[in-house]
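Engineer: If it helps, the file is called entry-v1.pdb and holds PDB, N, CA and C atoms:
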```pdb
ATOM      1  N   MET B   1      12.997 -24.491  -0.917  1.00  0.00           N
ATOM      2  CA  MET B   1      13.535 -23.284  -0.332  1.00  0.00           C
ATOM      3  C   MET B   1      13.469 -22.080  -1.280  1.00  0.00           C
ATOM      4  N   TRP B   2      12.954 -22.293  -2.480  1.00  0.00           N
ATOM      5  CA  TRP B   2      12.862 -21.204  -3.435  1.00  0.00           C
ATOM      6  C   TRP B   2      11.958 -20.094  -2.925  1.00  0.00           C
ATOM      7  N   TYR B   3      11.018 -20.441  -2.060  1.00  0.00           N
ATOM      8  CA  TYR B   3      10.065 -19.442  -1.582  1.00  0.00           C
ATOM      9  C   TYR B   3      10.733 -18.398  -0.697  1.00  0.00           C
ATOM     10  N   PHE B   4      11.875 -18.736  -0.072  1.00  0.00           N
ATOM     11  CA  PHE B   4      12.595 -17.725   0.702  1.00  0.00           C
ATOM     12  C   PHE B   4      13.113 -16.612  -0.213  1.00  0.00           C
ATOM     13  N   ALA B   5      13.550 -17.000  -1.389  1.00  0.00           N
ATOM     14  CA  ALA B   5      14.005 -15.990  -2.350  1.00  0.00           C
ATOM     15  C   ALA B   5      12.848 -15.076  -2.753  1.00  0.00           C
ATOM     16  N   TRP B   6      11.657 -15.654  -2.932  1.00  0.00           N
ATOM     17  CA  TRP B   6      10.487 -14.848  -3.273  1.00  0.00           C
ATOM     18  C   TRP B   6      10.068 -13.971  -2.100  1.00  0.00           C
ATOM     19  N   ILE B   7      10.090 -14.527  -0.888  1.00  0.00           N
ATOM     20  CA  ILE B   7       9.679 -13.765   0.296  1.00  0.00           C
ATOM     21  C   ILE B   7      10.614 -12.578   0.523  1.00  0.00           C
ATOM     22  N   LEU B   8      11.901 -12.773   0.287  1.00  0.00           N
ATOM     23  CA  LEU B   8      12.856 -11.681   0.463  1.00  0.00           C
ATOM     24  C   LEU B   8      12.949 -10.794  -0.779  1.00  0.00           C
ATOM     25  N   GLY B   9      12.814 -11.382  -1.953  1.00  0.00           N
ATOM     26  CA  GLY B   9      13.043 -10.647  -3.187  1.00  0.00           C
ATOM     27  C   GLY B   9      11.923  -9.709  -3.587  1.00  0.00           C
ATOM     28  N   LEU B  10      10.693 -10.132  -3.429  1.00  0.00           N
ATOM     29  CA  LEU B  10       9.572  -9.283  -3.848  1.00  0.00           C
ATOM     30  C   LEU B  10       9.471  -7.989  -3.040  1.00  0.00           C
ATOM     31  N   PRO B  11       9.533  -8.037  -1.709  1.00  0.00           N
ATOM     32  CA  PRO B  11       9.509  -6.756  -0.979  1.00  0.00           C
ATOM     33  C   PRO B  11      10.723  -5.883  -1.282  1.00  0.00           C
ATOM     34  N   LEU B  12      11.869  -6.502  -1.501  1.00  0.00           N
ATOM     35  CA  LEU B  12      13.057  -5.726  -1.838  1.00  0.00           C
ATOM     36  C   LEU B  12      12.892  -5.039  -3.194  1.00  0.00           C
ATOM     37  N   ALA B  13      12.358  -5.755  -4.162  1.00  0.00           N
ATOM     38  CA  ALA B  13      12.121  -5.165  -5.484  1.00  0.00           C
ATOM     39  C   ALA B  13      11.071  -4.056  -5.412  1.00  0.00           C
ATOM     40  N   ALA B  14      10.024  -4.266  -4.623  1.00  0.00           N
ATOM     41  CA  ALA B  14       8.987  -3.238  -4.474  1.00  0.00           C
ATOM     42  C   ALA B  14       9.555  -1.996  -3.787  1.00  0.00           C
ATOM     43  N   ALA B  15      10.373  -2.197  -2.762  1.00  0.00           N
ATOM     44  CA  ALA B  15      10.989  -1.063  -2.070  1.00  0.00           C
ATOM     45  C   ALA B  15      11.915  -0.301  -3.014  1.00  0.00           C
ATOM     46  N   PHE B  16      12.658  -1.026  -3.824  1.00  0.00           N
ATOM     47  CA  PHE B  16      13.543  -0.378  -4.789  1.00  0.00           C
ATOM     48  C   PHE B  16      12.740   0.441  -5.797  1.00  0.00           C
ATOM     49  N   ALA B  17      11.627  -0.095  -6.262  1.00  0.00           N
ATOM     50  CA  ALA B  17      10.786   0.623  -7.224  1.00  0.00           C
ATOM     51  C   ALA B  17      10.215   1.896  -6.610  1.00  0.00           C
ATOM     52  N   VAL B  18       9.770   1.825  -5.370  1.00  0.00           N
ATOM     53  CA  VAL B  18       9.209   3.006  -4.701  1.00  0.00           C
ATOM     54  C   VAL B  18      10.289   4.059  -4.495  1.00  0.00           C
ATOM     55  N   LEU B  19      11.463   3.652  -4.020  1.00  0.00           N
ATOM     56  CA  LEU B  19      12.549   4.609  -3.807  1.00  0.00           C
ATOM     57  C   LEU B  19      13.008   5.223  -5.130  1.00  0.00           C
ATOM     58  N   ASN B  20      13.030   4.430  -6.185  1.00  0.00           N
ATOM     59  CA  ASN B  20      13.404   4.935  -7.496  1.00  0.00           C
ATOM     60  C   ASN B  20      12.403   5.984  -7.977  1.00  0.00           C
ATOM     61  N   ALA B  21      11.121   5.732  -7.810  1.00  0.00           N
ATOM     62  CA  ALA B  21      10.093   6.698  -8.205  1.00  0.00           C
ATOM     63  C   ALA B  21      10.204   7.978  -7.381  1.00  0.00           C
ATOM     64  N   MET B  22      10.468   7.841  -6.089  1.00  0.00           N
ATOM     65  CA  MET B  22      10.628   9.025  -5.239  1.00  0.00           C
ATOM     66  C   MET B  22      11.840   9.842  -5.677  1.00  0.00           C
ATOM     67  N   TRP B  23      12.925   9.180  -6.057  1.00  0.00           N
ATOM     68  CA  TRP B  23      14.136   9.866  -6.499  1.00  0.00           C
ATOM     69  C   TRP B  23      13.866  10.654  -7.786  1.00  0.00           C
ATOM     70  N   TYR B  24      13.174  10.025  -8.746  1.00  0.00           N
ATOM     71  CA  TYR B  24      12.885  10.720  -9.994  1.00  0.00           C
ATOM     72  C   TYR B  24      11.930  11.885  -9.778  1.00  0.00           C
ATOM     73  N   GLU B  25      10.979  11.764  -8.868  1.00  0.00           N
ATOM     74  CA  GLU B  25      10.096  12.892  -8.546  1.00  0.00           C
ATOM     75  C   GLU B  25      10.899  14.044  -7.943  1.00  0.00           C
ATOM     76  N   LEU B  26      11.838  13.723  -7.063  1.00  0.00           N
ATOM     77  CA  LEU B  26      12.676  14.743  -6.443  1.00  0.00           C
ATOM     78  C   LEU B  26      13.512  15.466  -7.490  1.00  0.00           C
ATOM     79  N   MET B  27      14.094  14.718  -8.420  1.00  0.00           N
ATOM     80  CA  MET B  27      14.919  15.325  -9.464  1.00  0.00           C
ATOM     81  C   MET B  27      14.064  16.171 -10.416  1.00  0.00           C
ATOM     82  N   ASP B  28      12.862  15.726 -10.722  1.00  0.00           N
ATOM     83  CA  ASP B  28      11.964  16.477 -11.596  1.00  0.00           C
ATOM     84  C   ASP B  28      11.536  17.782 -10.929  1.00  0.00           C
ATOM     85  N   ASP B  29      11.199  17.723  -9.646  1.00  0.00           N
ATOM     86  CA  ASP B  29      10.825  18.936  -8.920  1.00  0.00           C
ATOM     87  C   ASP B  29      11.984  19.919  -8.869  1.00  0.00           C
ATOM     88  N   ASP B  30      13.197  19.412  -8.688  1.00  0.00           N
ATOM     89  CA  ASP B  30      14.373  20.272  -8.640  1.00  0.00           C
ATOM     90  C   ASP B  30      14.602  20.945  -9.993  1.00  0.00           C
ATOM     91  N   ALA B  31      14.416  20.199 -11.081  1.00  0.00           N
ATOM     92  CA  ALA B  31      14.587  20.772 -12.422  1.00  0.00           C
ATOM     93  C   ALA B  31      13.539  21.845 -12.688  1.00  0.00           C
ATOM     94  N   ILE B  32      12.307  21.611 -12.271  1.00  0.00           N
ATOM     95  CA  ILE B  32      11.239  22.604 -12.456  1.00  0.00           C
ATOM     96  C   ILE B  32      11.543  23.858 -11.637  1.00  0.00           C
ATOM     97  N   ARG B  33      12.019  23.676 -10.411  1.00  0.00           N
ATOM     98  CA  ARG B  33      12.342  24.824  -9.565  1.00  0.00           C
ATOM     99  C   ARG B  33      13.467  25.651 -10.180  1.00  0.00           C
ATOM    100  N   LYS B  34      14.506  24.988 -10.689  1.00  0.00           N
ATOM    101  CA  LYS B  34      15.615  25.709 -11.311  1.00  0.00           C
ATOM    102  C   LYS B  34      15.157  26.441 -12.571  1.00  0.00           C
ATOM    103  N   GLU B  35      14.254  25.824 -13.336  1.00  0.00           N
ATOM    104  CA  GLU B  35      13.737  26.462 -14.545  1.00  0.00           C
ATOM    105  C   GLU B  35      12.936  27.710 -14.194  1.00  0.00           C
ATOM    106  N   LYS B  36      12.134  27.639 -13.151  1.00  0.00           N
ATOM    107  CA  LYS B  36      11.337  28.801 -12.747  1.00  0.00           C
ATOM    108  C   LYS B  36      12.222  29.916 -12.215  1.00  0.00           C
ATOM    109  N   LEU B  37      13.310  29.565 -11.539  1.00  0.00           N
ATOM    110  CA  LEU B  37      14.214  30.594 -11.040  1.00  0.00           C
ATOM    111  C   LEU B  37      14.992  31.254 -12.176  1.00  0.00           C
ATOM    112  N   ALA B  38      15.228  30.538 -13.260  1.00  0.00           N
ATOM    113  CA  ALA B  38      16.016  31.065 -14.369  1.00  0.00           C
ATOM    114  C   ALA B  38      15.204  31.993 -15.265  1.00  0.00           C
ATOM    115  N   THR B  39      13.887  31.821 -15.320  1.00  0.00           N
ATOM    116  CA  THR B  39      13.063  32.662 -16.191  1.00  0.00           C
ATOM    117  C   THR B  39      12.627  33.915 -15.438  1.00  0.00           C
ATOM    118  N   PRO B  40      12.719  35.072 -16.088  1.00  0.00           N
ATOM    119  CA  PRO B  40      12.280  36.307 -15.418  1.00  0.00           C
ATOM    120  C   PRO B  40      10.761  36.322 -15.260  1.00  0.00           C
ATOM    121  N   GLU B  41      10.321  36.986 -14.217  1.00  0.00           N
ATOM    122  CA  GLU B  41       8.880  37.072 -13.962  1.00  0.00           C
ATOM    123  C   GLU B  41       8.248  38.143 -14.838  1.00  0.00           C
ATOM    124  N   ALA B  42       6.995  37.939 -15.209  1.00  0.00           N
ATOM    125  CA  ALA B  42       6.248  38.910 -16.010  1.00  0.00           C
ATOM    126  C   ALA B  42       5.821  40.071 -15.108  1.00  0.00           C
ATOM    127  N   PRO B  43       5.646  41.254 -15.686  1.00  0.00           N
ATOM    128  CA  PRO B  43       5.156  42.386 -14.883  1.00  0.00           C
ATOM    129  C   PRO B  43       3.766  42.103 -14.319  1.00  0.00           C
ATOM    130  N   GLN B  44       3.367  42.896 -13.330  1.00  0.00           N
ATOM    131  CA  GLN B  44       2.062  42.718 -12.689  1.00  0.00           C
ATOM    132  C   GLN B  44       0.950  42.812 -13.724  1.00  0.00           C
ATOM    133  N   GLY B  45      -0.014  41.912 -13.636  1.00  0.00           N
ATOM    134  CA  GLY B  45      -1.145  41.918 -14.541  1.00  0.00           C
ATOM    135  C   GLY B  45      -0.896  41.176 -15.845  1.00  0.00           C
ATOM    136  N   GLN B  46       0.316  40.711 -16.064  1.00  0.00           N
ATOM    137  CA  GLN B  46       0.640  39.974 -17.287  1.00  0.00           C
ATOM    138  C   GLN B  46       1.270  38.633 -16.909  1.00  0.00           C
ATOM    139  N   GLU B  47       0.495  37.800 -16.244  1.00  0.00           N
ATOM    140  CA  GLU B  47       1.027  36.509 -15.837  1.00  0.00           C
ATOM    141  C   GLU B  47       1.269  35.635 -17.054  1.00  0.00           C
ATOM    142  N   ARG B  48       2.267  34.796 -16.928  1.00  0.00           N
ATOM    143  CA  ARG B  48       2.552  33.840 -18.004  1.00  0.00           C
ATOM    144  C   ARG B  48       1.563  32.698 -17.928  1.00  0.00           C
ATOM    145  N   LEU B  49       1.181  32.181 -19.072  1.00  0.00           N
ATOM    146  CA  LEU B  49       0.267  31.039 -19.122  1.00  0.00           C
ATOM    147  C   LEU B  49       1.037  29.761 -19.246  1.00  0.00           C
TER     148      LEU B  49
END
```
Any chance you could give the structure as structure tokens?
Structural biologist:
Amino acid sequence: MWYFAWILGLPLAAAFAVLNAMWYELMDDDAIRKEKLATPEAPQGQERL
């Protein structure tokens, strides 16, 4: 009956890994957005690199 644990456990672990990666991407995008909003924009013709 050990295979039931594998049949249930592997998809659950994979789903957890995918959701975890999606969560970290969401948090990273939010941090980047907040950083861009906090920095003042350069005048026209002088874009930041």
Engineer: Enumerate as number ranges by chain all residues of chain B assigned to alpha helix (DSSP H) by DSSP on the backbone, naming them with the chain letters and numbers the document uses.
Structural biologist: B: 2-38
Engineer: Can you tell me how far CA of Ile7 in chain B sits from CA of Leu26 in chain B, in Å to one decimal?
Structural biologist: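 Taking CA of Ile7 in chain B as the start and CA of Leu26 in chain B as the end point, the length is 29.4 Å.
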Engineer: Distance CA of Gly9 in chain B-atom C of Asp28 in chain B, one decimal place?
Structural biologist: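 One can read the CA of Gly9 in chain B to atom C of Asp28 in chain B distance as 29.5 Å.
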Engineer: Go ahead and compute the interatomic distance for atom C of Arg33 in chain B and atom N of Ala15 in chain B, in Å to one decimal.
Structural biologist: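 Those two atoms sit 29.0 Å apart.
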